[in-house]
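Asker: Contents are mmCIF, C-alpha atoms; file name query-v2.cif:
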```cif
data_model
loop_
_atom_site.label_atom_id
_atom_site.label_comp_id
_atom_site.auth_asym_id
_atom_site.auth_seq_id
_atom_site.Cartn_x
_atom_site.Cartn_y
_atom_site.Cartn_z
CA MET A 1 2.49 -27.75 61.56
CA SER A 2 0.62 -30.59 63.11
CA ALA A 3 2.28 -33.22 65.19
CA THR A 4 3.88 -35.75 62.95
CA THR A 5 4.10 -39.47 63.01
CA GLU A 6 7.22 -41.10 61.83
CA ARG A 7 6.86 -44.07 59.57
CA ARG A 8 9.52 -46.63 60.15
CA PRO A 9 12.12 -46.95 57.46
CA PHE A 10 11.63 -49.95 55.31
CA ASP A 11 13.02 -53.10 56.87
CA ARG A 12 13.03 -56.30 54.90
CA ARG A 13 13.20 -58.30 58.10
CA SER A 14 9.88 -57.08 59.38
CA ALA A 15 6.71 -58.95 58.62
CA SER A 16 4.96 -55.83 57.40
CA SER A 17 7.77 -55.10 55.04
CA LEU A 18 7.74 -58.62 53.72
CA LEU A 19 4.04 -58.26 53.09
CA LEU A 20 4.63 -55.02 51.27
CA VAL A 21 7.26 -56.62 49.11
CA ALA A 22 4.93 -59.49 48.34
CA LEU A 23 2.12 -57.16 47.39
CA LEU A 24 4.36 -55.03 45.28
CA GLY A 25 5.80 -58.07 43.62
CA LEU A 26 2.39 -59.38 42.74
CA GLY A 27 1.00 -56.12 41.53
CA ALA A 28 3.92 -54.41 39.96
CA GLY A 29 7.15 -56.25 40.27
CA ALA A 30 9.29 -53.39 39.20
CA THR A 31 7.88 -51.00 41.76
CA ALA A 32 8.94 -53.36 44.48
CA ARG A 33 12.40 -52.29 43.53
CA LEU A 34 11.46 -48.83 44.68
CA ALA A 35 11.56 -50.23 48.16
CA VAL A 36 14.56 -52.46 47.66
CA PRO A 37 16.90 -50.74 45.28
CA PRO A 38 19.08 -52.85 43.04
CA PRO A 39 22.83 -52.42 42.87
CA ALA A 40 23.92 -49.24 41.23
CA VAL A 41 23.74 -49.60 37.50
CA ALA A 42 23.12 -46.01 36.63
CA THR A 43 25.51 -43.60 35.05
CA THR A 44 24.51 -41.14 37.70
CA GLN A 45 25.51 -42.45 41.08
CA PRO A 46 22.22 -43.13 42.87
CA HIS A 47 21.46 -40.45 45.37
CA ALA A 48 24.76 -38.70 44.85
CA GLY A 49 24.26 -35.09 45.65
CA VAL A 50 20.60 -35.46 46.62
CA ARG A 51 19.22 -35.47 50.11
CA VAL A 52 15.74 -35.45 51.53
CA VAL A 53 15.93 -32.84 54.23
CA SER A 54 13.95 -31.11 56.87
CA ARG A 55 13.21 -27.62 55.71
CA ALA A 56 13.69 -24.73 58.05
CA PRO A 57 10.63 -22.48 57.92
CA GLU A 58 12.69 -19.58 56.67
CA ALA A 59 14.31 -21.59 53.88
CA ARG A 60 12.77 -20.74 50.55
CA PRO A 61 12.71 -23.45 47.91
CA VAL A 62 13.79 -22.44 44.44
CA ALA A 63 11.06 -24.56 42.91
CA ARG A 64 8.23 -26.90 43.75
CA THR A 65 7.88 -30.05 41.73
CA ARG A 66 4.33 -31.21 41.24
CA ALA A 67 2.17 -32.93 38.73
CA SER A 68 0.42 -30.49 36.46
CA MET B 1 9.47 -14.33 35.34
CA ARG B 2 6.21 -16.27 35.35
CA LEU B 3 3.97 -16.96 32.41
CA ALA B 4 0.98 -19.09 31.60
CA ALA B 5 2.13 -21.53 28.94
CA LEU B 6 2.25 -25.22 28.09
CA GLY B 7 -1.14 -25.65 29.71
CA THR B 8 0.29 -24.77 33.08
CA ASP B 9 2.38 -22.17 34.91
CA VAL B 10 5.94 -21.70 33.81
CA GLU B 11 8.65 -19.84 35.64
CA VAL B 12 12.03 -18.93 34.19
CA ARG B 13 14.75 -17.55 36.40
CA GLY B 14 18.23 -16.40 35.53
CA ASP B 15 19.91 -13.84 33.34
CA GLY B 16 17.83 -13.32 30.22
CA GLU B 17 14.39 -14.24 31.49
CA GLU B 18 12.50 -12.38 28.78
CA ALA B 19 14.26 -14.26 26.01
CA ALA B 20 13.66 -17.56 27.77
CA ALA B 21 9.97 -16.81 28.23
CA ALA B 22 9.68 -15.82 24.58
CA GLU B 23 11.28 -19.10 23.60
CA VAL B 24 8.70 -21.02 25.63
CA VAL B 25 5.86 -19.21 23.89
CA ARG B 26 7.42 -19.63 20.45
CA LEU B 27 7.98 -23.35 20.84
CA GLU B 28 4.54 -23.96 22.34
CA ALA B 29 2.94 -22.43 19.27
CA ILE B 30 4.72 -25.02 17.13
CA LEU B 31 4.13 -28.07 19.31
CA THR B 32 0.67 -27.65 20.82
CA ARG B 33 -2.17 -30.00 19.93
CA PHE B 34 -4.81 -27.67 21.35
CA ALA B 35 -4.54 -24.86 18.80
CA PRO B 36 -3.78 -24.73 15.09
CA SER B 37 -0.08 -25.48 14.82
CA PRO B 38 2.37 -27.37 12.67
CA LEU B 39 1.72 -30.38 14.91
CA THR B 40 -2.04 -30.25 14.36
CA ARG B 41 -1.48 -29.92 10.62
CA LEU B 42 0.73 -32.99 10.73
CA ASN B 43 -1.88 -34.92 12.68
CA GLU B 44 -4.63 -33.89 10.29
CA SER B 45 -2.88 -34.80 7.08
CA GLY B 46 -0.36 -37.40 8.21
CA ARG B 47 2.30 -35.56 6.28
CA LEU B 48 3.95 -32.17 6.64
CA ARG B 49 6.37 -30.76 4.12
CA ASP B 50 8.99 -28.22 5.16
CA PRO B 51 8.21 -28.66 8.85
CA PRO B 52 9.67 -26.26 11.37
CA ARG B 53 12.99 -27.62 12.47
CA GLU B 54 11.82 -27.40 16.07
CA LEU B 55 8.93 -29.77 15.34
CA VAL B 56 11.29 -32.21 13.69
CA ALA B 57 13.61 -32.03 16.69
CA ALA B 58 10.79 -32.46 19.19
CA VAL B 59 9.37 -35.42 17.29
CA ARG B 60 12.80 -37.01 17.05
CA HIS B 61 13.20 -36.52 20.79
CA ALA B 62 9.83 -38.16 21.41
CA LEU B 63 10.75 -41.07 19.15
CA ALA B 64 14.04 -41.53 20.97
CA VAL B 65 12.20 -41.59 24.29
CA ALA B 66 9.70 -44.10 22.94
CA ARG B 67 12.48 -46.40 21.77
CA ALA B 68 14.41 -46.00 25.02
CA THR B 69 11.36 -46.92 27.07
CA GLY B 70 10.13 -49.79 24.97
CA GLY B 71 7.13 -47.71 23.96
CA LEU B 72 5.97 -46.93 27.50
CA VAL B 73 6.37 -43.21 26.90
CA THR B 74 5.23 -42.67 23.37
CA PRO B 75 3.90 -39.78 21.28
CA THR B 76 1.41 -42.10 19.57
CA VAL B 77 -0.79 -41.82 22.65
CA LEU B 78 -3.06 -39.12 21.24
CA PRO B 79 -5.97 -41.30 20.02
CA ALA B 80 -5.97 -43.13 23.35
CA LEU B 81 -5.95 -39.84 25.25
CA GLU B 82 -8.92 -38.64 23.26
CA ARG B 83 -10.79 -41.90 23.76
CA ALA B 84 -10.15 -41.53 27.48
CA GLY B 85 -11.79 -38.12 27.39
CA TYR B 86 -8.90 -35.65 27.10
CA ARG B 87 -9.83 -33.95 23.86
CA ARG B 88 -9.78 -30.30 24.80
CA PRO B 89 -7.44 -28.08 26.80
CA TRP B 90 -7.41 -28.81 30.47
CA PRO B 91 -9.63 -28.62 32.53
CA HIS B 92 -12.19 -29.48 29.88
CA ALA B 93 -11.70 -33.23 29.87
CA SER B 94 -14.83 -35.33 30.00
CA PRO B 95 -15.79 -38.91 30.67
CA PRO B 96 -14.88 -41.28 27.87
CA ALA B 97 -17.20 -41.49 24.92
CA ASP B 98 -15.58 -44.69 23.75
CA ALA B 99 -14.91 -47.12 26.55
CA THR B 100 -12.96 -49.55 24.40
CA PRO B 101 -9.27 -48.74 24.73
CA ARG B 102 -6.79 -49.92 22.20
CA PRO B 103 -3.04 -50.22 22.70
CA CYS B 104 -1.02 -47.34 21.33
CA PRO B 105 0.67 -48.07 18.03
CA PRO B 106 4.45 -48.35 17.86
CA VAL B 107 6.51 -45.48 16.55
CA ASP B 108 7.80 -47.61 13.71
CA GLY B 109 6.95 -45.97 10.45
CA ILE B 110 7.05 -42.40 11.73
CA VAL B 111 9.51 -40.52 9.57
CA ALA B 112 10.95 -37.36 11.00
CA GLY B 113 12.88 -36.00 8.08
CA ARG B 114 14.08 -32.47 7.78
CA GLU B 115 12.06 -31.96 4.63
CA THR B 116 9.00 -34.04 5.46
CA LEU B 117 7.33 -35.45 8.53
CA THR B 118 5.24 -38.53 7.84
CA LEU B 119 2.90 -40.52 10.05
CA PRO B 120 1.58 -44.01 9.27
CA PRO B 121 -2.18 -44.27 8.77
CA GLY B 122 -4.07 -43.88 12.02
CA VAL B 123 -1.13 -42.48 13.92
CA ARG B 124 -1.43 -39.05 15.50
CA LEU B 125 0.99 -37.50 17.94
CA ASP B 126 0.74 -35.88 21.32
CA LEU B 127 4.14 -34.65 22.38
CA GLY B 128 2.84 -34.01 25.88
CA GLY B 129 5.33 -34.27 28.67
CA THR B 130 8.34 -34.87 26.48
CA ALA B 131 7.74 -31.57 24.73
CA LYS B 132 7.20 -29.71 27.98
CA THR B 133 10.57 -30.70 29.34
CA TRP B 134 12.21 -30.40 25.94
CA ILE B 135 10.96 -26.83 25.78
CA ALA B 136 12.17 -26.21 29.32
CA ARG B 137 15.68 -27.20 28.34
CA ARG B 138 15.55 -25.12 25.19
CA ALA B 139 14.39 -22.13 27.20
CA ALA B 140 17.19 -22.70 29.68
CA ARG B 141 19.69 -22.18 26.89
CA GLN B 142 18.55 -18.58 26.79
CA LEU B 143 19.45 -18.10 30.43
CA GLY B 144 22.68 -17.37 32.24
CA GLY B 145 23.68 -17.29 35.87
CA ASP B 146 21.79 -19.47 38.32
CA VAL B 147 19.17 -21.02 36.08
CA VAL B 148 15.77 -22.34 37.10
CA VAL B 149 13.09 -23.28 34.60
CA ASP B 150 9.94 -24.64 36.21
CA ALA B 151 7.50 -25.92 33.62
CA GLY B 152 4.45 -26.77 35.67
CA GLY B 153 6.48 -28.61 38.25
CA ASP B 154 9.00 -30.18 35.90
CA VAL B 155 12.10 -28.36 36.99
CA HIS B 156 15.40 -27.74 35.22
CA LEU B 157 18.15 -26.46 37.49
CA ASP B 158 21.63 -25.32 36.59
CA ARG B 159 23.03 -23.45 39.52
CA GLY B 160 26.36 -22.87 41.13
CA VAL B 161 24.90 -23.27 44.59
CA PRO B 162 22.80 -25.96 46.25
CA SER B 163 19.08 -25.90 45.58
CA LEU B 164 16.14 -26.66 47.79
CA VAL B 165 13.20 -28.13 45.88
CA GLU B 166 9.87 -28.99 47.41
CA VAL B 167 7.95 -32.08 46.37
CA ALA B 168 4.26 -31.30 46.48
CA HIS B 169 2.13 -33.82 48.33
CA PRO B 170 -0.51 -35.29 46.01
CA ALA B 171 -3.25 -34.88 48.61
CA GLY B 172 -2.17 -31.56 50.02
CA GLY B 173 -0.14 -32.99 52.87
CA GLU B 174 3.25 -31.85 54.00
CA PRO B 175 5.65 -31.49 51.09
CA LEU B 176 8.98 -33.21 51.19
CA ALA B 177 12.07 -31.14 50.60
CA LEU B 178 15.01 -32.13 48.45
CA TRP B 179 18.44 -30.65 48.82
CA LEU B 180 20.36 -30.86 45.55
CA GLY B 181 24.01 -30.10 45.20
CA PRO B 182 25.33 -27.49 42.79
CA GLY B 183 25.15 -28.28 39.11
CA ARG B 184 22.56 -29.39 36.61
CA TRP B 185 19.53 -31.30 37.79
CA GLY B 186 16.13 -32.23 36.56
CA VAL B 187 13.25 -32.87 38.92
CA ALA B 188 9.90 -33.99 37.57
CA THR B 189 6.69 -35.37 38.99
CA SER B 190 4.03 -37.51 37.41
CA SER B 191 0.73 -38.42 39.01
CA VAL B 192 -2.49 -40.20 38.27
CA ALA B 193 -4.25 -37.80 40.64
CA SER B 194 -3.67 -34.74 38.48
CA ARG B 195 -5.60 -34.02 35.33
CA SER B 196 -8.11 -36.64 36.27
CA TRP B 197 -11.82 -36.73 35.65
CA PRO B 198 -14.64 -39.16 36.31
CA GLY B 199 -13.59 -42.37 34.67
CA GLY B 200 -10.17 -41.32 33.56
CA HIS B 201 -6.94 -39.43 33.88
CA HIS B 202 -4.26 -38.19 31.55
CA LEU B 203 -1.62 -40.85 32.13
CA ILE B 204 -2.30 -43.47 29.48
CA ASP B 205 -0.63 -46.85 29.67
CA PRO B 206 0.34 -47.47 26.04
CA ARG B 207 0.17 -51.22 26.58
CA THR B 208 -3.57 -51.02 27.09
CA GLY B 209 -4.44 -47.59 25.75
CA ALA B 210 -6.39 -46.94 28.94
CA PRO B 211 -5.60 -44.68 31.89
CA ALA B 212 -2.88 -46.43 33.83
CA VAL B 213 -3.69 -48.44 36.92
CA THR B 214 -0.75 -47.89 39.21
CA ARG B 215 0.61 -48.92 42.58
CA TRP B 216 1.69 -45.36 43.28
CA VAL B 217 -0.36 -42.19 43.13
CA GLN B 218 2.54 -39.91 42.37
CA VAL B 219 6.23 -40.31 41.62
CA THR B 220 8.94 -37.69 41.57
CA ALA B 221 12.24 -38.42 39.87
CA VAL B 222 15.53 -36.59 40.20
CA ALA B 223 18.02 -37.01 37.39
CA ARG B 224 20.70 -35.06 35.65
CA SER B 225 18.27 -33.87 32.99
CA VAL B 226 14.69 -32.77 33.33
CA THR B 227 13.76 -34.56 30.12
CA TRP B 228 14.86 -37.87 31.61
CA ALA B 229 13.43 -37.09 35.05
CA GLU B 230 10.01 -36.66 33.48
CA VAL B 231 10.30 -39.93 31.61
CA ALA B 232 11.65 -41.71 34.68
CA ALA B 233 8.74 -40.55 36.83
CA LYS B 234 6.31 -41.98 34.30
CA LEU B 235 8.20 -45.26 34.10
CA ALA B 236 8.14 -45.61 37.86
CA LEU B 237 4.41 -44.98 37.87
CA PHE B 238 4.06 -47.72 35.27
CA GLY B 239 5.97 -50.04 37.59
CA VAL B 240 9.25 -50.00 35.74
CA ARG B 241 12.41 -49.14 37.59
CA PRO B 242 14.10 -46.35 35.59
CA ALA B 243 17.83 -46.17 35.16
CA ARG B 244 19.91 -43.05 35.50
CA VAL B 245 17.96 -41.50 38.33
CA ALA B 246 19.44 -40.00 41.43
CA LEU B 247 16.32 -40.36 43.52
CA LEU B 248 12.73 -41.49 43.30
CA VAL B 249 10.02 -40.42 45.69
CA ALA B 250 6.75 -42.32 45.41
CA PHE B 251 3.51 -41.52 47.22
CA ASP B 252 1.16 -44.37 47.95
CA GLY B 253 -2.59 -44.33 48.28
CA ASP B 254 -2.37 -43.48 51.97
CA GLY B 255 -0.40 -40.37 51.18
CA ALA B 256 2.82 -41.78 52.58
CA ALA B 257 6.01 -41.07 50.69
CA TRP B 258 8.71 -43.60 49.99
CA THR B 259 12.12 -43.05 48.55
CA ASP B 260 13.76 -45.72 46.48
CA ASP B 261 16.10 -46.64 49.28
CA GLY B 262 13.10 -47.47 51.40
CA ARG B 263 12.78 -44.48 53.67
CA GLY B 264 9.28 -43.42 54.48
CA TRP B 265 7.33 -40.43 55.62
CA SER B 266 3.76 -40.32 56.75
CA ALA B 267 1.15 -38.20 55.02
CA HIS B 268 1.53 -35.70 57.84
CA GLY B 269 5.16 -35.00 57.12
CA ALA B 270 7.05 -36.91 59.77
CA ARG B 271 10.75 -37.21 59.42
CA ARG B 272 12.38 -35.25 56.74
CA ASP B 273 15.79 -35.22 58.26
CA ALA B 274 17.26 -38.35 56.84
CA SER B 275 19.99 -38.36 54.30
CA VAL B 276 19.48 -40.71 51.43
CA ALA B 277 23.05 -40.36 50.27
#
```
Mind converting the file's structure to structure tokens?
Answerer:
Amino acid sequence: MSATTERRPFDRRSASSLLLVALLGLGAGATARLAVPPPAVATTQPHAGVRVVSRAPEARPVARTRAS
Amino acid sequence: MRLAALGTDVEVRGDGEEAAAAEVVRLEAILTRFAPSPLTRLNESGRLRDPPRELVAAVRHALAVARATGGLVTPTVLPALERAGYRRPWPHASPPADATPRPCPPVDGIVAGRETLTLPPGVRLDLGGTAKTWIARRAARQLGGDVVVDAGGDVHLDRGVPSLVEVAHPAGGEPLALWLGPGRWGVATSSVASRSWPGGHHLIDPRTGAPAVTRWVQVTAVARSVTWAEVAAKLALFGVRPARVALLVAFDGDGAAWTDDGRGWSAHGARRDASVA
């Protein structure tokens, strides 16, 4: 695996993040909410039981989601 | 067990895989638009008497999705898909012959009765993604034990143990990995980069009838059902925040991934160690 570069988590206080929000708001207002989630309104608790994880090389995924 | 079906690769895993695979094949034969089927007969004539109950159920499901999404995910997309160039089984799409898109008609007027299916004039149906995930759930009913049904990347899980699911990178970069707790989950991915051809792709925006122009290249949704996850991924691509999702992962044009709580990963992988709980 190549060396990786970490992208900073989204931070509304940063200028770049504000720019992103502005761009998202202009282009697709709802997608801006991808970056700034609204209060939980879902019947499924947001993120409950789901984690984005680092995968150990030996760990075998049960499936691979992709567009097909 | 793996099989080629639904225009893609399907994998069923659990107790009773042969029955589940047979169910996939059986239902595809009823719902496909690419081979003579009850659906193609309905589209040709606008009316089908004594329809297979599975076609009625799949159409009703598609209508319910259309109403729940304000028409953003609609089975009336077929004429627009064809105008965009997707007339034959993938990968035989071609540049559009008719460059004038028209918005997709509403589902009002479609009658999905047990005895007769009726379409308004000019309306033809493509059950597309809703049928793929609907079939996946039907196939899962044939399975016991730790169940996995992967319909071309739309994944139904019902397992007693946690599951690791990879999210393919749209440009071949490092996949993300999702760790899902035990229980039933649906994970689905929609992209404007797949099934694309010069001048078009398969994801039609019903509001315009043209291939969607999106902020994101690819969105993956995690929900408690794969049918909703597939719909939610499309909604997010269309710029609409879907309800009832556990997680969204969106890839931008630079190949960076963003979760809906704002965490990011570069196209080269980067951090994948953060909890989003």
Asker: Which protein, DNA or RNA residues have an atom at most 6 Å from (0.2, -38.5, 56.7), counting all atoms listed in the file? List them as JSON, numbers by chain.
Answerer: {"B": [255, 256, 266, 267, 268]}
Asker: Where does the PyMOL selection byres ((chain A and resi 66) around 7) land in this file, that is, which residues does it pick, as a list in words?
Answerer: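 Written out, the selection comes to Arg64, Thr65, Ala67 and Ser68 of chain A; Gly153, Val167, Ala168 and Thr189 of chain B.
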Asker: Measuring between only C-alpha atoms, which one of B:Leu235, B:Val148, B:Leu81, B:Leu127 shows the shortest distance to Ile204 (chain B)?
Answerer: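 Ranking B:Leu235, B:Val148, B:Leu81, B:Leu127 by distance to Ile204 (chain B), first place goes to B:Leu81.
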Asker: Using all atoms listed in the file for the distances, tell me which of B:Arg184, B:Arg141, B:His202, B:Arg195 is nearest to Gly49 (chain A).
Answerer: B:Arg184
Asker: Once you count all atoms listed in the file, which residues end up no further than 10 Å from (-6.3, -36.2, 49.9) in the file's frame, shown as a ChimeraX atom specification?
Answerer: /B:169-173,193,253-255,267
Asker: Excluding Ala59 (chain A) and its own-chain neighbours fewer than 5 positions away, which residues fall within 12 Å of it when counting only C-alpha atoms? Please give them as a PyMOL selection string.
Answerer: (chain A and resi 53-54) or (chain B and resi 163-166+177-179)
Asker: Do you know which residues are at most 12 Å from Ala29 (chain B) counting all atoms listed in the file, after dropping those on the same chain fewer than 4 positions away, and could you put them as a PyMOL selection string?
Answerer: chain B and resi 5-7+22-25+33-40+52+54-55+131+135
Asker: Using only C-alpha atoms, which of B:Leu31, B:Ala188, B:Ala21, B:Leu203 sits nearest chain A?
Answerer: B:Ala188
Asker: Need to verify the contact set: Gly186 (chain B), 8 Å, all atoms listed in the file, exclusion of same-chain residues closer than 6 positions in sequence. Can you return it as a PyMOL selection string?
Answerer: chain B and resi 154-157+222-229
Asker: Tell me, in Å to one decimal, how far CA of Pro103 (chain B) is from CA of Arg67 (chain B).
Answerer: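 Distance reported for this atom pair: 16.0 Å.
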Asker: List the residues selected by the PyMOL selection byres ((chain B and resi 238) around 8) in the file shown, writing them as a PDB file with C-alpha atoms, keeping the file's coordinate frame.
Answerer:
```pdb
ATOM      1  CA  ASP B 205      -0.630 -46.850  29.670  1.00  0.00           C
ATOM      2  CA  ALA B 212      -2.880 -46.430  33.830  1.00  0.00           C
ATOM      3  CA  VAL B 213      -3.690 -48.440  36.920  1.00  0.00           C
ATOM      4  CA  THR B 214      -0.750 -47.890  39.210  1.00  0.00           C
ATOM      5  CA  LYS B 234       6.310 -41.980  34.300  1.00  0.00           C
ATOM      6  CA  LEU B 235       8.200 -45.260  34.100  1.00  0.00           C
ATOM      7  CA  ALA B 236       8.140 -45.610  37.860  1.00  0.00           C
ATOM      8  CA  LEU B 237       4.410 -44.980  37.870  1.00  0.00           C
ATOM      9  CA  GLY B 239       5.970 -50.040  37.590  1.00  0.00           C
ATOM     10  CA  VAL B 240       9.250 -50.000  35.740  1.00  0.00           C
TER      11      VAL B 240
END
```
Asker: Check which residues satisfy the PyMOL selection byres ((chain B and resi 94) around 12) in the file shown, then give them as a PDB file with C-alpha atoms, in the coordinates of the input.
Answerer:
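Output file selection-v2.pdb is given in full below:
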```pdb
ATOM      1  CA  LEU B  81      -5.950 -39.840  25.250  1.00  0.00           C
ATOM      2  CA  GLU B  82      -8.920 -38.640  23.260  1.00  0.00           C
ATOM      3  CA  ARG B  83     -10.790 -41.900  23.760  1.00  0.00           C
ATOM      4  CA  ALA B  84     -10.150 -41.530  27.480  1.00  0.00           C
ATOM      5  CA  GLY B  85     -11.790 -38.120  27.390  1.00  0.00           C
ATOM      6  CA  TYR B  86      -8.900 -35.650  27.100  1.00  0.00           C
ATOM      7  CA  ARG B  87      -9.830 -33.950  23.860  1.00  0.00           C
ATOM      8  CA  ARG B  88      -9.780 -30.300  24.800  1.00  0.00           C
ATOM      9  CA  PRO B  89      -7.440 -28.080  26.800  1.00  0.00           C
ATOM     10  CA  TRP B  90      -7.410 -28.810  30.470  1.00  0.00           C
ATOM     11  CA  PRO B  91      -9.630 -28.620  32.530  1.00  0.00           C
ATOM     12  CA  HIS B  92     -12.190 -29.480  29.880  1.00  0.00           C
ATOM     13  CA  ALA B  93     -11.700 -33.230  29.870  1.00  0.00           C
ATOM     14  CA  PRO B  95     -15.790 -38.910  30.670  1.00  0.00           C
ATOM     15  CA  PRO B  96     -14.880 -41.280  27.870  1.00  0.00           C
ATOM     16  CA  ALA B  97     -17.200 -41.490  24.920  1.00  0.00           C
ATOM     17  CA  ASP B  98     -15.580 -44.690  23.750  1.00  0.00           C
ATOM     18  CA  ARG B 195      -5.600 -34.020  35.330  1.00  0.00           C
ATOM     19  CA  SER B 196      -8.110 -36.640  36.270  1.00  0.00           C
ATOM     20  CA  TRP B 197     -11.820 -36.730  35.650  1.00  0.00           C
ATOM     21  CA  PRO B 198     -14.640 -39.160  36.310  1.00  0.00           C
ATOM     22  CA  GLY B 199     -13.590 -42.370  34.670  1.00  0.00           C
ATOM     23  CA  GLY B 200     -10.170 -41.320  33.560  1.00  0.00           C
ATOM     24  CA  HIS B 201      -6.940 -39.430  33.880  1.00  0.00           C
ATOM     25  CA  HIS B 202      -4.260 -38.190  31.550  1.00  0.00           C
TER      26      HIS B 202
END
```
Asker: Would you work out the distance separating CA of Val12 (chain B) from CA of Ala139 (chain B), expressed in Å to one decimal?
Answerer: 8.0 Å
Asker: Between CA of Asp50 (chain B) and CA of Gln142 (chain B), what distance in Å does the model show, to one decimal?
Answerer: 25.5 Å
Asker: Which is closest to chain A among B:Thr208, B:Thr133, B:Thr100, B:Ser194, if we use all atoms listed in the file?
Answerer: B:Ser194
Asker: When distances are computed from only C-alpha atoms, which of B:Gly70, B:Gly14, B:Pro51, B:Pro211 shows the smallest separation from chain A?
Answerer: B:Gly14
Asker: May I ask which of the residues B:Met1, B:Glu11, B:Leu78, B:Arg53 is the closest one to chain A, counting only C-alpha atoms?
Answerer: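 Looking at the shortest contact to chain A, the residue is B:Glu11.
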Asker: Within 6 Å of Arg47 (chain B), counting all atoms listed in the file, which residues show up once you throw out same-chain ones fewer than 4 positions away? Write them as a VMD selection string, please.
Answerer: chain B and resid 42 117 to 118
Asker: Could you turn the residues from that selection into a file that holds C-alpha atoms, as a PDB file, in the frame of the given file?
Answerer:
```
ATOM      1  CA  LEU B  42       0.730 -32.990  10.730  1.00  0.00           C
ATOM      2  CA  LEU B 117       7.330 -35.450   8.530  1.00  0.00           C
ATOM      3  CA  THR B 118       5.240 -38.530   7.840  1.00  0.00           C
TER       4      THR B 118
END
```
Asker: Output, as AutoDock Vina command-line options, the centre and edge lengths in Å (one decimal) of the axis-aligned box that contains all listed atoms of region 140-154 of chain B with 5 Å of margin on each side.
Answerer:
```
--center_x 14.1 --center_y -23.7 --center_z 32.6 --size_x 29.2 --size_y 22.9 --size_z 21.5
```
